[in-house]
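Trainee: Here you go, one structure.
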Amino acid sequence: MSCRQSNANTGGDEDTAVQARTPVTITSVSYDSLQQYIELNATSSYLQKGFVKSNMLGYLKKVNVRIGDYVHSGQPLFVVQTKESKAIGNSVNNLNPDFKFSGVNTIVANANGFITELDHQPGDYVQDGEQLAIISDEGSFAFIMSVPYEDRQFIPLGLHVDVILPDKERLSGTVSSSMPLVDSVSQTQNFTVRVKTGQRIPPNLVATVRILKVFKTAAPTLPKETILSDETQSEYWVMKLINDSTAVKVPVKKGIETGDKVEILAPAFSANDKVLLTGNYGLSDTALVTVQK
C-alpha cells in the first residue's frame, strides 16, 4: 500500500517538474550592416541683411512695398521728394520749363530678398542716410545647426547631409562653415548648412538634420527582445540554451541600437548558439524551458 502511494507521489512530482518548464522560442546571432545617426535641429535664417536708406533729405512720396514682399535687386521701393520741391511745387518749371526741376528721387532695392522691416510710411519726413527698410538677402539663406561640442568631430566642412522639413520634405544640404563660438549654457557650436531648393523658405523654420555617426558592416546583432536588463539598466544579459531544456544567464555588452536590432560587442556568439527570443522575461539563471517550434 505504501509502495503504491510512494509511486503515485513520485509521478506527481515528475508532472510538476514538466509543468514548471517555461515555453520559449529561440533565435541566433545574425550579421548586419548598422548605422547610427545624430539628429540635430537646424533653424532657417538669412545671414545677411540689406539696409535700404534715404539718399536725400525730404518727404516720402511713395512706398511701393509692404512687409513680407519679395523684391528684386534694382526694384523701385521708395520715392523721396525734397522739402524744397514740396514747398515750391511746379513754380520753377512754370517760370522756365528748361529747368525740368522735380526734386524727386527713386530709391531701389540693393538685393534680392524679403522685406523684413519697414520703418516709414508715405508722408514721413526722412533724413539723409536714414533707414527706410531691411531686406533679408536671399543669397545668404542657410540653416543654422546647433551641434554639441563633443559631436563636432562627426561634422567636417563639406559634409553632405539631409535636411528634413516639418512636412517631411527632404532637402540636400552641405555643411559650409562653422561659427567660432560656443554657447556657454548649452555647450553647442553653430554650423551653417546651405541647401539646394527652388522654393522660398521663411526664416525661423525648424528642420531636422541627420548626421551619420557610425557605420558598421557585418556587425553581430540580436533582436531587441532577447536583451534583458536590471531596473537601472546598468547590466544587460541574454538567456542562452546550453542543451535542449536548460537556459543560462549570459551577460552581454551592447553596441549600436537601430530599429529592432542590437549590436553585441561581447561575448562573441557563434551562429550555432541559441538565444531565447520569447518567454525569457523573469527567468532565473539555469532555468528549465521547453522550446517551441
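Residue names in the C-alpha cells use chain letters A, B, ... in the order shown, residue numbers from 1 in each chain, and ligand numbers from 1 in the order shown.
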Using only C-alpha atoms, determine which residues lie at most 7 Å from segment 61-74 of chain A, disregarding the query and same-chain residues fewer than 2 positions distant; provide the list as JSON, numbers by chain.

Mentor: {"A": [59, 76, 77, 78, 79, 80, 81, 108, 109, 110, 111, 112, 113, 114, 115, 116, 117, 118, 121, 122, 123]}

Trainee: Keeping only N, CA, C and O atoms, write the selected residues to a file as a tab-separated table (two decimals), in the first residue's frame.

Mentor:
```tsv
chain	number	residue	atom	x	y	z
A	59	TYR	N	10.62	114.28	-48.01
A	59	TYR	CA	9.40	113.57	-47.62
A	59	TYR	C	9.23	112.31	-48.49
A	59	TYR	O	9.54	112.33	-49.68
A	76	PRO	N	12.21	99.48	-57.79
A	76	PRO	CA	11.89	100.73	-57.08
A	76	PRO	C	11.10	100.45	-55.81
A	76	PRO	O	10.08	99.75	-55.84
A	77	LEU	N	11.56	100.99	-54.70
A	77	LEU	CA	10.90	100.78	-53.42
A	77	LEU	C	10.26	102.05	-52.87
A	77	LEU	O	9.13	102.03	-52.40
A	78	PHE	N	11.01	103.16	-52.92
A	78	PHE	CA	10.54	104.41	-52.33
A	78	PHE	C	10.77	105.56	-53.31
A	78	PHE	O	11.69	105.53	-54.13
A	79	VAL	N	9.91	106.57	-53.17
A	79	VAL	CA	10.11	107.83	-53.89
A	79	VAL	C	10.18	108.94	-52.85
A	79	VAL	O	9.27	109.11	-52.03
A	80	VAL	N	11.33	109.66	-52.85
A	80	VAL	CA	11.56	110.74	-51.88
A	80	VAL	C	11.53	112.08	-52.61
A	80	VAL	O	12.14	112.24	-53.66
A	81	GLN	N	10.82	113.02	-52.01
A	81	GLN	CA	10.74	114.37	-52.58
A	81	GLN	C	11.36	115.35	-51.59
A	81	GLN	O	11.03	115.33	-50.40
A	108	VAL	N	15.96	102.28	-54.85
A	108	VAL	CA	15.72	100.90	-55.32
A	108	VAL	C	16.30	99.89	-54.34
A	108	VAL	O	17.11	100.22	-53.47
A	109	ALA	N	15.88	98.63	-54.51
A	109	ALA	CA	16.38	97.54	-53.67
A	109	ALA	C	17.83	97.24	-54.02
A	109	ALA	O	18.23	97.30	-55.19
A	110	ASN	N	18.62	96.92	-52.99
A	110	ASN	CA	20.04	96.62	-53.22
A	110	ASN	C	20.35	95.13	-53.22
A	110	ASN	O	21.50	94.74	-53.31
A	111	ALA	N	19.29	94.26	-53.10
A	111	ALA	CA	19.50	92.82	-53.10
A	111	ALA	C	18.18	92.12	-53.36
A	111	ALA	O	17.10	92.71	-53.20
A	112	ASN	N	18.25	90.85	-53.76
A	112	ASN	CA	17.04	90.02	-53.85
A	112	ASN	C	16.71	89.49	-52.46
A	112	ASN	O	17.59	89.05	-51.73
A	113	GLY	N	15.44	89.54	-52.10
A	113	GLY	CA	15.07	89.01	-50.78
A	113	GLY	C	13.71	89.51	-50.33
A	113	GLY	O	12.92	90.05	-51.12
A	114	PHE	N	13.44	89.30	-49.04
A	114	PHE	CA	12.15	89.68	-48.46
A	114	PHE	C	12.30	90.96	-47.65
A	114	PHE	O	13.31	91.18	-46.99
A	115	ILE	N	11.25	91.78	-47.69
A	115	ILE	CA	11.18	92.95	-46.83
A	115	ILE	C	10.82	92.47	-45.42
A	115	ILE	O	9.70	92.01	-45.19
A	116	THR	N	11.76	92.53	-44.50
A	116	THR	CA	11.51	92.06	-43.15
A	116	THR	C	11.28	93.19	-42.16
A	116	THR	O	10.86	92.94	-41.02
A	117	GLU	N	11.57	94.42	-42.58
A	117	GLU	CA	11.31	95.57	-41.71
A	117	GLU	C	11.02	96.79	-42.58
A	117	GLU	O	11.73	97.03	-43.56
A	118	LEU	N	9.97	97.52	-42.22
A	118	LEU	CA	9.58	98.72	-42.95
A	118	LEU	C	9.40	99.83	-41.92
A	118	LEU	O	8.56	99.72	-41.02
A	121	GLN	N	6.25	105.33	-43.62
A	121	GLN	CA	5.09	105.30	-44.49
A	121	GLN	C	5.02	106.60	-45.28
A	121	GLN	O	5.72	107.57	-44.95
A	122	PRO	N	4.19	106.65	-46.34
A	122	PRO	CA	4.12	107.86	-47.16
A	122	PRO	C	3.80	109.10	-46.32
A	122	PRO	O	2.96	109.06	-45.42
A	123	GLY	N	4.49	110.17	-46.63
A	123	GLY	CA	4.29	111.42	-45.92
A	123	GLY	C	5.31	111.67	-44.84
A	123	GLY	O	5.43	112.82	-44.35
```

Trainee: For segment 203-212 of chain A, list every protein, DNA or RNA residue within 7 Å, evaluated using only C-alpha atoms, and leave out those in the same chain fewer than 3 positions away; present the list as a tab-separated table (two decimals) with N, CA, C and O atoms, in the first residue's frame.

Mentor:
```tsv
chain	number	residue	atom	x	y	z
A	36	GLN	N	24.41	54.45	-37.23
A	36	GLN	CA	23.94	55.26	-36.10
A	36	GLN	C	24.01	56.73	-36.51
A	36	GLN	O	25.02	57.21	-36.99
A	37	TYR	N	22.89	57.41	-36.32
A	37	TYR	CA	22.79	58.81	-36.74
A	37	TYR	C	22.66	59.74	-35.54
A	37	TYR	O	22.17	59.34	-34.48
A	38	ILE	N	23.10	60.97	-35.74
A	38	ILE	CA	22.82	62.05	-34.80
A	38	ILE	C	21.73	62.90	-35.45
A	38	ILE	O	21.83	63.27	-36.62
A	39	GLU	N	20.67	63.19	-34.71
A	39	GLU	CA	19.61	64.05	-35.22
A	39	GLU	C	19.68	65.40	-34.51
A	39	GLU	O	19.59	65.46	-33.28
A	40	LEU	N	19.86	66.46	-35.29
A	40	LEU	CA	20.04	67.80	-34.73
A	40	LEU	C	19.02	68.76	-35.33
A	40	LEU	O	18.59	68.60	-36.47
A	41	ASN	N	18.65	69.75	-34.54
A	41	ASN	CA	17.74	70.79	-35.03
A	41	ASN	C	18.53	71.86	-35.77
A	41	ASN	O	19.66	72.19	-35.41
A	42	ALA	N	17.92	72.39	-36.82
A	42	ALA	CA	18.53	73.48	-37.59
A	42	ALA	C	17.44	74.49	-37.91
A	42	ALA	O	16.32	74.12	-38.29
A	43	THR	N	17.75	75.77	-37.78
A	43	THR	CA	16.78	76.84	-37.97
A	43	THR	C	17.12	77.65	-39.22
A	43	THR	O	18.27	78.06	-39.41
A	44	SER	N	16.13	77.85	-40.08
A	44	SER	CA	16.36	78.62	-41.30
A	44	SER	C	16.62	80.08	-40.96
A	44	SER	O	16.00	80.65	-40.04
A	45	SER	N	17.52	80.69	-41.71
A	45	SER	CA	17.91	82.06	-41.40
A	45	SER	C	18.53	82.73	-42.62
A	45	SER	O	19.09	82.06	-43.50
A	46	TYR	N	18.41	84.06	-42.65
A	46	TYR	CA	19.13	84.87	-43.64
A	46	TYR	C	20.32	85.50	-42.92
A	46	TYR	O	20.15	86.31	-42.01
A	161	VAL	N	24.51	66.39	-46.18
A	161	VAL	CA	23.52	65.95	-45.20
A	161	VAL	C	22.12	66.11	-45.79
A	161	VAL	O	21.91	66.80	-46.79
A	162	ASP	N	21.15	65.45	-45.15
A	162	ASP	CA	19.74	65.61	-45.48
A	162	ASP	C	19.11	66.56	-44.47
A	162	ASP	O	19.24	66.35	-43.25
A	163	VAL	N	18.42	67.56	-44.98
A	163	VAL	CA	17.67	68.49	-44.12
A	163	VAL	C	16.19	68.14	-44.28
A	163	VAL	O	15.63	68.23	-45.38
A	164	ILE	N	15.55	67.73	-43.18
A	164	ILE	CA	14.17	67.26	-43.21
A	164	ILE	C	13.27	68.35	-42.65
A	164	ILE	O	13.37	68.72	-41.48
A	165	LEU	N	12.38	68.87	-43.50
A	165	LEU	CA	11.46	69.94	-43.10
A	165	LEU	C	10.31	69.36	-42.28
A	165	LEU	O	10.08	68.14	-42.30
A	166	PRO	N	9.56	70.20	-41.57
A	166	PRO	CA	8.44	69.70	-40.76
A	166	PRO	C	7.39	68.92	-41.55
A	166	PRO	O	6.70	68.06	-41.00
```

Trainee: Extract the full set of strand (DSSP E) residues from segment 144-268 of chain A according to DSSP on the backbone, and format it as a ChimeraX atom specification.

Mentor: /A:144-148,160-164,170-182,188-195,206-223,228-229,236-241,246-251,253-258,261-266

Trainee: With only C-alpha atoms as the atoms that count, which of A:Thr82, A:Ser176, A:Ser245, A:Asn55 lies nearest to Val291 of chain A?

Mentor: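 Looking only at the distances to Val291 of chain A, the closest residue turns out to be A:Ser245.
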
Trainee: I'd like the neighbourhood of Ser140 of chain A as a list in words, where a residue qualifies if any of its atoms comes within 8 Å (using only C-alpha atoms), though same-chain residues fewer than 3 positions away should be ignored.

Mentor: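 Here the qualifying residues turn out to be Tyr46, Leu47, Gln48 and Asp137 of chain A.
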
Trainee: Per DSSP on the backbone, filter segment 87-288 of chain A down to the residues in helix (DSSP H, G or I) and report them as a PyMOL selection string.

Mentor: chain A and resi 87-88+91-95+97-99+138-140+149-154+224-226

Trainee: Using the selection just defined, write its residues with C-alpha atoms as a compact mmCIF listing (two decimals), in the first residue's frame.

Mentor:
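Result file follows (out.txt):
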```txt
# COMPACT_ATOMS: atom_id res chain seq x y z
CA ALA A 87 7.32 123.77 -50.90
CA ILE A 88 7.96 125.30 -54.34
CA SER A 91 6.56 127.11 -59.75
CA VAL A 92 10.11 126.83 -61.10
CA ASN A 93 9.03 124.81 -64.11
CA ASN A 94 6.21 127.23 -64.78
CA LEU A 95 8.72 130.08 -64.86
CA PRO A 97 10.38 124.72 -68.38
CA ASP A 98 14.01 124.21 -69.41
CA PHE A 99 14.99 123.67 -65.78
CA GLU A 138 18.13 85.69 -50.46
CA GLY A 139 21.69 84.70 -51.39
CA SER A 140 22.62 84.37 -47.72
CA TYR A 149 30.75 70.24 -28.94
CA GLU A 150 31.61 66.57 -28.37
CA ASP A 151 29.95 65.65 -31.70
CA ARG A 152 31.70 68.26 -33.88
CA GLN A 153 34.25 65.64 -34.98
CA PHE A 154 31.49 63.94 -37.00
CA LYS A 224 15.92 43.69 -29.03
CA GLU A 225 13.51 41.18 -27.46
CA THR A 226 16.42 38.96 -26.48
```

Trainee: Smallest atom-to-atom distance to His120 of chain A: which of A:Leu265, A:Ala142, A:Val52, A:Leu157, using only C-alpha atoms?

Mentor: A:Val52

Trainee: With only C-alpha atoms as the atoms that count, which of A:Leu171, A:Val147, A:Val214, A:Ala266 lies nearest to Tyr236 of chain A?

Mentor: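 The closest residue to Tyr236 of chain A is A:Ala266.
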
Trainee: Phe191 of chain A: which residues within 6 Å, counting only C-alpha atoms, same-chain residues fewer than 5 positions away excluded, as a PyMOL selection string?

Mentor: chain A and resi 144-145+177-178

Trainee: Using only C-alpha atoms, which of A:Ser146, A:Gln75, A:Asn272, A:Gln233 sits nearest Asn190 of chain A?

Mentor: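 When distances to Asn190 of chain A are compared using only C-alpha atoms, the smallest one comes from A:Ser146.
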
Trainee: Would you work out the distance separating atom CA of Lys53 of chain A from atom CA of Phe143 of chain A, expressed in Å to one decimal?

Mentor: 28.0 Å

Trainee: In Å, with one decimal, what is the gap from atom CA of Ile26 of chain A to atom CA of Leu288 of chain A?

Mentor: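 These two atoms are separated by 13.9 Å.
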